[in-house]
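For reference, input_8.cif is printed below; it contains mmCIF, C-alpha atoms and all ligand atoms.
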data_model
loop_
_atom_site.label_atom_id
_atom_site.label_comp_id
_atom_site.auth_asym_id
_atom_site.auth_seq_id
_atom_site.Cartn_x
_atom_site.Cartn_y
_atom_site.Cartn_z
CA MET S 1 93.93 111.57 116.81
CA SER S 2 90.53 112.43 115.32
CA THR S 3 88.70 109.39 114.06
CA THR S 4 86.60 109.73 110.94
CA GLN S 5 83.33 107.91 110.79
CA PHE S 6 83.00 106.79 107.18
CA ASP S 7 79.59 106.77 105.52
CA ARG S 8 80.38 103.52 103.73
CA ILE S 9 83.29 101.12 103.97
CA ALA S 10 83.63 98.32 101.43
CA LEU S 11 85.51 95.18 102.50
CA ILE S 12 86.58 93.17 99.48
CA GLY S 13 87.79 89.77 100.65
CA ILE S 14 86.53 88.62 104.04
CA GLY S 15 89.00 86.03 105.32
CA LEU S 16 91.10 86.29 108.50
CA ILE S 17 92.18 89.89 107.85
CA GLY S 18 88.97 91.24 106.29
CA SER S 19 86.76 89.79 109.02
CA SER S 20 89.06 91.04 111.80
CA ILE S 21 88.82 94.54 110.31
CA ALA S 22 85.01 94.12 110.11
CA TYR S 23 84.78 93.24 113.81
CA ASP S 24 86.78 96.34 114.75
CA ILE S 25 84.79 98.66 112.47
CA LYS S 26 81.62 97.50 114.17
CA ARG S 27 83.06 97.56 117.69
CA LEU S 28 84.42 101.08 117.23
CA ALA S 29 81.50 102.40 115.10
CA LEU S 30 83.82 103.50 112.31
CA ALA S 31 81.24 103.33 109.52
CA LYS S 32 77.54 103.99 109.02
CA GLU S 33 77.44 101.09 106.58
CA VAL S 34 79.79 98.19 105.84
CA VAL S 35 79.41 96.41 102.51
CA ILE S 36 81.10 93.04 102.15
CA SER S 37 82.11 91.27 98.99
CA THR S 38 83.87 87.96 98.40
CA ARG S 39 84.05 85.73 95.36
CA SER S 40 82.47 82.54 96.74
CA ALA S 41 78.83 82.19 97.77
CA GLU S 42 79.94 80.02 100.70
CA THR S 43 82.25 82.63 102.28
CA LEU S 44 79.72 85.40 101.62
CA LYS S 45 77.03 83.39 103.41
CA ARG S 46 79.36 82.75 106.35
CA ALA S 47 80.19 86.48 106.59
CA GLU S 48 76.46 87.19 106.75
CA GLU S 49 75.90 84.50 109.41
CA LEU S 50 78.68 86.08 111.46
CA LYS S 51 76.99 89.49 110.97
CA LEU S 52 80.25 91.05 109.81
CA GLY S 53 78.60 93.78 107.72
CA ASP S 54 75.36 95.49 106.77
CA ARG S 55 75.15 94.43 103.13
CA TYR S 56 76.64 91.49 101.20
CA THR S 57 77.31 91.09 97.50
CA PRO S 58 79.35 88.73 95.31
CA SER S 59 80.30 91.73 93.14
CA SER S 60 83.34 93.72 94.24
CA ALA S 61 82.26 96.49 91.84
CA GLU S 62 78.88 96.72 93.58
CA ALA S 63 80.57 96.81 97.00
CA ALA S 64 83.02 99.54 95.97
CA LYS S 65 80.28 101.75 94.54
CA ASP S 66 79.86 104.92 96.64
CA ALA S 67 82.24 103.65 99.34
CA ASP S 68 84.46 106.27 101.02
CA LEU S 69 86.97 103.62 102.05
CA VAL S 70 87.64 100.41 100.13
CA ILE S 71 89.82 97.78 101.83
CA VAL S 72 91.03 94.94 99.61
CA SER S 73 91.98 91.82 101.61
CA VAL S 74 92.60 89.09 99.04
CA PRO S 75 95.73 87.02 98.23
CA VAL S 76 98.26 89.37 96.61
CA GLY S 77 98.07 87.55 93.26
CA ALA S 78 94.39 88.54 92.96
CA SER S 79 95.07 92.28 93.39
CA GLU S 80 94.99 93.19 89.71
CA SER S 81 91.71 91.44 88.94
CA VAL S 82 90.05 93.19 91.92
CA ALA S 83 91.48 96.57 90.86
CA LYS S 84 90.11 96.09 87.33
CA GLU S 85 86.67 95.13 88.65
CA ILE S 86 86.29 98.09 91.02
CA ALA S 87 88.08 100.86 89.06
CA ALA S 88 85.12 102.24 87.09
CA HIS S 89 82.83 102.18 90.13
CA LEU S 90 84.95 104.09 92.64
CA LYS S 91 83.59 107.31 94.08
CA PRO S 92 85.71 110.42 93.45
CA GLY S 93 87.75 111.14 96.58
CA ALA S 94 87.49 107.55 97.86
CA ILE S 95 90.44 105.98 99.66
CA VAL S 96 91.43 102.56 98.31
CA THR S 97 93.83 100.47 100.37
CA ASP S 98 94.90 96.85 100.67
CA VAL S 99 96.46 94.62 103.31
CA GLY S 100 98.69 92.48 101.10
CA SER S 101 101.92 91.02 102.45
CA THR S 102 103.99 92.20 99.46
CA LYS S 103 103.88 95.79 98.27
CA ALA S 104 105.82 96.48 95.04
CA SER S 105 103.83 93.81 93.20
CA VAL S 106 100.47 94.99 94.59
CA ILE S 107 101.26 98.56 93.49
CA ALA S 108 102.27 97.35 90.01
CA GLN S 109 99.01 95.40 89.78
CA MET S 110 96.59 98.00 91.18
CA GLN S 111 97.98 101.50 90.59
CA PRO S 112 97.58 101.51 86.75
CA HIS S 113 93.85 100.86 87.14
CA MET S 114 93.17 103.49 89.80
CA PRO S 115 91.34 106.60 88.54
CA ALA S 116 93.21 109.89 89.17
CA ASN S 117 90.45 111.13 91.47
CA VAL S 118 90.80 108.38 94.11
CA HIS S 119 93.51 108.01 96.75
CA PHE S 120 95.27 104.68 96.49
CA ILE S 121 97.30 103.98 99.64
CA PRO S 122 98.85 100.49 99.80
CA GLY S 123 99.08 99.10 103.33
CA HIS S 124 100.15 96.01 105.25
CA PRO S 125 99.10 95.26 108.83
CA LEU S 126 101.79 93.13 110.47
CA ALA S 127 99.30 90.97 112.31
CA GLY S 128 97.80 87.59 111.67
CA THR S 129 97.60 83.96 112.60
CA GLU S 130 98.03 80.68 110.71
CA LYS S 131 94.25 80.43 110.30
CA SER S 132 92.22 81.62 107.33
CA GLY S 133 88.63 82.37 106.37
CA PRO S 134 85.99 84.54 108.07
CA ASP S 135 85.73 82.24 111.09
CA ALA S 136 89.38 82.93 111.90
CA GLY S 137 88.89 86.67 112.42
CA PHE S 138 88.54 88.34 115.81
CA PRO S 139 88.29 91.84 117.24
CA GLY S 140 91.53 93.41 118.41
CA LEU S 141 93.85 91.50 116.04
CA PHE S 142 95.67 94.72 115.11
CA LYS S 143 96.09 96.10 118.62
CA GLY S 144 99.71 96.98 119.34
CA ARG S 145 100.84 95.76 115.90
CA TRP S 146 102.47 97.79 113.15
CA CYS S 147 100.70 98.73 109.95
CA ILE S 148 103.04 99.81 107.14
CA PHE S 149 101.91 102.17 104.38
CA THR S 150 103.85 102.35 101.12
CA PRO S 151 102.20 105.34 99.39
CA VAL S 152 103.33 106.30 95.93
CA PRO S 153 104.99 109.75 95.78
CA GLY S 154 102.48 112.61 95.52
CA THR S 155 99.70 110.84 97.44
CA ASP S 156 97.34 113.29 99.15
CA GLU S 157 98.57 113.85 102.73
CA ALA S 158 95.05 114.38 104.10
CA ALA S 159 93.99 110.98 102.72
CA ILE S 160 97.06 109.33 104.29
CA LYS S 161 96.17 110.95 107.61
CA THR S 162 92.58 109.71 107.40
CA LEU S 163 93.78 106.14 106.79
CA ARG S 164 96.43 106.48 109.51
CA ASP S 165 93.71 107.56 111.98
CA PHE S 166 91.66 104.53 110.96
CA TRP S 167 94.45 102.05 111.73
CA GLU S 168 95.44 103.90 114.90
CA THR S 169 91.84 103.62 116.11
CA LEU S 170 92.19 99.86 115.59
CA GLY S 171 95.17 100.08 117.96
CA SER S 172 97.93 99.85 115.35
CA ARG S 173 101.08 101.90 115.04
CA VAL S 174 101.57 103.21 111.53
CA ASP S 175 104.85 103.57 109.65
CA GLU S 176 105.59 104.61 106.08
CA MET S 177 108.33 103.28 103.83
CA ASP S 178 108.95 102.70 100.17
CA PRO S 179 107.58 99.43 98.78
CA GLU S 180 110.95 97.89 97.86
CA HIS S 181 112.23 98.47 101.38
CA HIS S 182 109.05 96.96 102.83
CA ASP S 183 109.47 93.87 100.67
CA LYS S 184 113.08 93.40 101.79
CA VAL S 185 112.29 93.83 105.48
CA LEU S 186 109.31 91.47 105.27
CA ALA S 187 111.36 88.91 103.36
CA ILE S 188 113.58 88.47 106.42
CA VAL S 189 111.12 88.97 109.29
CA SER S 190 108.21 87.01 107.85
CA HIS S 191 108.67 85.36 104.47
CA LEU S 192 111.95 83.54 105.16
CA PRO S 193 110.77 82.16 108.55
CA HIS S 194 107.64 80.78 106.87
CA LEU S 195 109.70 79.19 104.10
CA ILE S 196 112.07 77.61 106.63
CA ALA S 197 109.06 76.27 108.54
CA TYR S 198 107.40 74.87 105.40
CA ASN S 199 110.70 73.27 104.47
CA ILE S 200 111.47 71.73 107.89
CA VAL S 201 108.00 70.29 108.26
CA GLY S 202 108.17 69.00 104.69
CA THR S 203 111.56 67.38 105.41
CA ALA S 204 110.24 65.69 108.55
CA ASP S 205 107.27 64.46 106.58
CA ASP S 206 109.59 62.99 103.95
CA LEU S 207 111.96 61.25 106.38
CA GLU S 208 111.47 57.53 106.05
CA THR S 209 113.31 56.71 109.29
CA VAL S 210 110.96 58.74 111.48
CA THR S 211 107.41 57.56 111.37
CA GLU S 212 104.66 60.11 111.17
CA SER S 213 103.43 59.15 114.61
CA GLU S 214 106.83 59.89 116.18
CA VAL S 215 106.95 63.31 114.54
CA ILE S 216 103.56 64.07 116.04
CA LYS S 217 104.19 62.33 119.39
CA TYR S 218 107.47 64.08 120.21
CA SER S 219 106.58 67.42 118.69
CA ALA S 220 106.84 69.33 122.00
CA SER S 221 110.45 70.12 121.15
CA GLY S 222 111.08 72.86 118.59
CA PHE S 223 109.30 71.18 115.71
CA ARG S 224 105.91 72.15 117.09
CA ASP S 225 106.65 75.87 116.72
CA PHE S 226 107.50 75.34 113.06
CA THR S 227 104.28 73.42 112.44
CA ARG S 228 102.25 76.47 113.45
CA LEU S 229 103.90 78.60 110.75
CA ALA S 230 103.77 75.74 108.26
CA ALA S 231 100.00 75.48 108.75
CA SER S 232 99.55 78.94 107.17
CA ASP S 233 97.29 79.37 104.15
CA PRO S 234 98.88 77.76 101.04
CA THR S 235 97.28 80.20 98.57
CA MET S 236 98.40 83.27 100.48
CA TRP S 237 101.95 81.98 100.86
CA ARG S 238 102.25 80.75 97.29
CA ASP S 239 101.34 84.27 96.19
CA VAL S 240 103.82 85.85 98.63
CA CYS S 241 106.62 83.66 97.15
CA LEU S 242 105.70 84.53 93.58
CA HIS S 243 105.20 88.25 94.27
CA ASN S 244 108.24 88.95 96.43
CA ARG S 245 110.52 86.70 94.42
CA ASP S 246 113.67 88.84 94.24
CA ALA S 247 113.82 89.81 97.93
CA ILE S 248 113.02 86.24 99.02
CA LEU S 249 115.68 84.74 96.74
CA GLU S 250 118.22 87.23 98.10
CA MET S 251 117.38 86.35 101.71
CA LEU S 252 117.39 82.60 100.93
CA ALA S 253 120.87 82.94 99.42
CA ARG S 254 122.14 84.74 102.55
CA PHE S 255 120.44 82.13 104.75
CA SER S 256 121.99 79.22 102.83
CA GLU S 257 125.46 80.75 103.17
CA ASP S 258 125.04 81.25 106.92
CA LEU S 259 123.65 77.74 107.32
CA ALA S 260 126.66 76.33 105.46
CA SER S 261 128.93 78.26 107.84
CA LEU S 262 127.11 76.81 110.87
CA GLN S 263 127.32 73.35 109.32
CA ARG S 264 131.06 73.81 108.91
CA ALA S 265 131.47 75.00 112.53
CA ILE S 266 129.67 71.88 113.76
CA ARG S 267 131.75 69.61 111.51
CA TRP S 268 135.05 71.10 112.75
CA GLY S 269 133.98 71.33 116.39
CA GLU S 270 134.23 75.13 116.50
CA GLY S 271 132.38 75.49 119.80
CA ASP S 272 133.29 79.17 120.31
CA LYS S 273 131.82 80.11 116.96
CA ILE S 274 128.61 78.23 117.67
CA PHE S 275 128.36 79.71 121.17
CA GLU S 276 128.91 83.25 119.86
CA LEU S 277 126.09 82.88 117.32
CA PHE S 278 123.64 81.44 119.84
CA THR S 279 124.46 84.25 122.31
CA ARG S 280 123.90 86.91 119.66
CA THR S 281 120.51 85.44 118.67
CA ARG S 282 119.37 85.26 122.28
CA ALA S 283 119.87 89.03 122.55
CA ILE S 284 117.59 89.55 119.51
CA ARG S 285 114.81 87.64 121.29
CA ARG S 286 115.23 89.91 124.32
CA SER S 287 114.96 93.02 122.10
CA ILE S 288 111.71 91.74 120.55
CA VAL S 289 110.16 91.21 123.98
CA GLU S 290 111.37 94.66 125.10
CA ALA S 291 109.82 96.21 121.98
CA GLY S 292 106.45 94.71 123.03
CA GLN S 293 106.26 92.42 120.00
CA ASP S 294 106.01 89.24 122.09
CA VAL S 295 105.53 88.14 125.69
CA ASP S 296 108.32 86.84 127.86
CA ALA S 297 106.32 83.83 129.03
CA PRO S 298 108.35 80.62 128.81
CA ASP S 299 107.56 78.40 125.85
CA PHE S 300 105.58 81.19 124.13
CA GLY S 301 103.06 81.20 126.97
CA ARG S 302 102.09 77.57 126.42
CA HIS S 303 102.17 76.60 130.11
CA ALA S 304 98.39 76.44 130.30
CA LEU S 305 98.38 73.95 127.41
CA ASP S 306 101.21 71.92 128.93
CA ALA S 307 99.38 71.73 132.25
CA LYS S 308 96.53 69.99 130.44
CA GLU S 309 98.84 67.51 128.71
P1 LIG P 401 92.05 84.37 103.77
O1 LIG P 401 91.59 84.22 105.19
O2 LIG P 401 92.45 83.15 103.02
O3 LIG P 401 90.89 85.12 102.94
C1 LIG P 401 91.09 85.43 101.60
C2 LIG P 401 89.92 86.22 101.03
O4 LIG P 401 90.26 86.53 99.68
C3 LIG P 401 88.60 85.47 100.97
O5 LIG P 401 87.53 86.37 101.04
C4 LIG P 401 88.66 84.80 99.60
O6 LIG P 401 87.42 84.59 99.01
C5 LIG P 401 89.34 85.89 98.79
N1 LIG P 401 90.05 85.35 97.63
C6 LIG P 401 90.87 84.26 97.60
N2 LIG P 401 91.36 84.09 96.37
C7 LIG P 401 90.83 85.07 95.60
C8 LIG P 401 90.94 85.41 94.23
N3 LIG P 401 91.72 84.71 93.40
N4 LIG P 401 90.24 86.48 93.77
C9 LIG P 401 89.46 87.20 94.61
N5 LIG P 401 89.32 86.93 95.91
C10 LIG P 401 89.99 85.88 96.40
O7 LIG P 401 93.27 85.37 103.66
P2 LIG P 401 93.84 86.45 104.73
O8 LIG P 401 94.72 85.74 105.70
O9 LIG P 401 92.73 87.29 105.23
O10 LIG P 401 94.82 87.28 103.77
C11 LIG P 401 94.33 88.31 102.96
C12 LIG P 401 95.47 89.24 102.59
O11 LIG P 401 96.06 89.72 103.78
C13 LIG P 401 96.59 88.57 101.78
O12 LIG P 401 97.02 89.44 100.77
C14 LIG P 401 97.70 88.39 102.79
O13 LIG P 401 98.97 88.48 102.16
C15 LIG P 401 97.46 89.55 103.74
N6 LIG P 401 97.92 89.36 105.11
C16 LIG P 401 97.70 88.15 105.72
C17 LIG P 401 98.14 87.98 107.04
C18 LIG P 401 97.95 86.66 107.75
O14 LIG P 401 98.61 86.38 108.75
N7 LIG P 401 97.05 85.81 107.29
C19 LIG P 401 98.77 89.04 107.72
C20 LIG P 401 98.92 90.27 107.08
C21 LIG P 401 98.49 90.41 105.76
P3 LIG P 401 86.59 83.23 99.05
O15 LIG P 401 86.75 82.65 100.41
O16 LIG P 401 85.20 83.72 98.77
O17 LIG P 401 87.15 82.35 97.99
#
Please lay out the structure from this file as structure tokens.
Ligand code: NAP
Amino acid sequence: MSTTQFDRIALIGIGLIGSSIAYDIKRLALAKEVVISTRSAETLKRAEELKLGDRYTPSSAEAAKDADLVIVSVPVGASESVAKEIAAHLKPGAIVTDVGSTKASVIAQMQPHMPANVHFIPGHPLAGTEKSGPDAGFPGLFKGRWCIFTPVPGTDEAAIKTLRDFWETLGSRVDEMDPEHHDKVLAIVSHLPHLIAYNIVGTADDLETVTESEVIKYSASGFRDFTRLAASDPTMWRDVCLHNRDAILEMLARFSEDLASLQRAIRWGEGDKIFELFTRTRAIRRSIVEAGQDVDAPDFGRHALDAKE
């Protein structure tokens, strides 16, 4: 792996993902200059206080000007407006990428505005937390995590390699797939779990028989893990729902069918059926730990927290 040092990297959007990338660029000296742009004066000021870049501007066009690498880290629904703003200011030969959680929609929004002489390579790092904003970022977020590229056919291979080297230097493993496949896979591994969490926490909140204090007080069991997902950024997740609609609706339909089948098994006392399902799902958890995508610590490694309680 040969790591390129870019003359100028533009980070457009500086929330959890943008700021985590900024920390790693600095830590690993991947750019001579980092220019940061975000729409609000407040976030821009915070990025400057955190010393995330070398130059700060509210204009994404100004940030993109003369950059060799432009990384767009905004909610997916804002992709088109950013693409329109930066298009005329991109340097010939520049690489433009994004980190959005849905890919077909981002490509439909950005690709038509990209000049023929820049390399647009859509990407999605599978890393994050439920926090948002520049204060949520930290170095090393992408270490050991996958980053998926969904390049359009005919994309320059050398540009893909340069971007691959960048993410690998951040510690990620890079895979390529077509955007529709990405959106289907992510609908099941990420989008559906978030929707289930939002829904469960919403249901608990609506239940009149369980007071709010009991939901909070007894949350050590199960519910607490859902509340972490359900605390994720509402704007980001609204956009994910609206921009991966078809794949999410398909997965929700499958989920509802399977839930109805489990409901039926419980109603009719079909213990074997229930046991078989729970055994199968336990094996999936083991595979995830073996693949290095989680730790095997009991209770998601929360013993330290429990000791304090
Ligand atoms: P975030 O912390 O909420 O930060 C969002 C950034 O985008 C901020 O700089 C914000 O600017 C800007 N922004 C918000 N709305 C905008 C709009 N309408 N137009 C232009 N800029 C706008 O979000 P994040 O978690 O970093 O997520 C950024 C992207 O990464 C999203 O596409 C998300 O799908 C993807 N992603 C997120 C995760 C995760 O776990 N969070 C993981 C992988 C990928 P201001 O603060 O100045 O308003």
*Which polymer residues have any atom within 10 Å of an atom of S:Leu30, counting all atoms listed in the file, with same-chain residues fewer than 4 positions away left out, as a ChimeraX atom specification?*
/S:3-9,22,24-26,34,166,169-170
_Of the listed residues S:Leu186, S:Ile266, S:Ala230, S:Ala197, that which approaches S:Asn244 most closely, counting only C-alpha atoms_ =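 Answer, going by the shortest atom-to-atom distance: S:Leu186.
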*How would you write as a count of residues only the residues that get within 7 Å of (105.6, 94.2, 109.8) in the file's frame, counting all atoms listed in the file?*
6
*List all protein, DNA and RNA residues that have at least one atom no more than 7 Å from any atom of ligand LIG 401 (chain P), counting all atoms listed in the file, and write them as a PyMOL selection string.*
chain S and resi 13-18+38-44+73-78+82+99-102+124-134+233+236+240
Can I get the selected residues back with C-alpha atoms, as a short mmCIF file (atom, residue, chain, number, x, y, z; two decimals), in the frame of the given file?
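Okay, again_25.cif is ready:
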data_model
loop_
_atom_site.label_atom_id
_atom_site.label_comp_id
_atom_site.auth_asym_id
_atom_site.auth_seq_id
_atom_site.Cartn_x
_atom_site.Cartn_y
_atom_site.Cartn_z
CA GLY S 13 87.79 89.77 100.65
CA ILE S 14 86.53 88.62 104.04
CA GLY S 15 89.00 86.03 105.32
CA LEU S 16 91.10 86.29 108.50
CA ILE S 17 92.18 89.89 107.85
CA GLY S 18 88.97 91.24 106.29
CA THR S 38 83.87 87.96 98.40
CA ARG S 39 84.05 85.73 95.36
CA SER S 40 82.47 82.54 96.74
CA ALA S 41 78.83 82.19 97.77
CA GLU S 42 79.94 80.02 100.70
CA THR S 43 82.25 82.63 102.28
CA LEU S 44 79.72 85.40 101.62
CA SER S 73 91.98 91.82 101.61
CA VAL S 74 92.60 89.09 99.04
CA PRO S 75 95.73 87.02 98.23
CA VAL S 76 98.26 89.37 96.61
CA GLY S 77 98.07 87.55 93.26
CA ALA S 78 94.39 88.54 92.96
CA VAL S 82 90.05 93.19 91.92
CA VAL S 99 96.46 94.62 103.31
CA GLY S 100 98.69 92.48 101.10
CA SER S 101 101.92 91.02 102.45
CA THR S 102 103.99 92.20 99.46
CA HIS S 124 100.15 96.01 105.25
CA PRO S 125 99.10 95.26 108.83
CA LEU S 126 101.79 93.13 110.47
CA ALA S 127 99.30 90.97 112.31
CA GLY S 128 97.80 87.59 111.67
CA THR S 129 97.60 83.96 112.60
CA GLU S 130 98.03 80.68 110.71
CA LYS S 131 94.25 80.43 110.30
CA SER S 132 92.22 81.62 107.33
CA GLY S 133 88.63 82.37 106.37
CA PRO S 134 85.99 84.54 108.07
CA ASP S 233 97.29 79.37 104.15
CA MET S 236 98.40 83.27 100.48
CA VAL S 240 103.82 85.85 98.63
#
*Take atom CA of S:Glu176 and atom CA of S:Gly123 and report the distance between them in Å, one decimal.*
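Value for the atom CA of S:Glu176-atom CA of S:Gly123 distance: 9.0 Å.
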*For the atom pair atom CA of S:His194 and atom CA of S:Pro139, what is the interatomic distance in Å to one decimal place?*
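Distance between the two atoms: 24.6 Å.
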*How far is it from atom CA of S:Leu69 to atom CA of S:His181, in Å with one decimal?*
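Atom CA of S:His181 lies at a distance of 25.8 Å from atom CA of S:Leu69.
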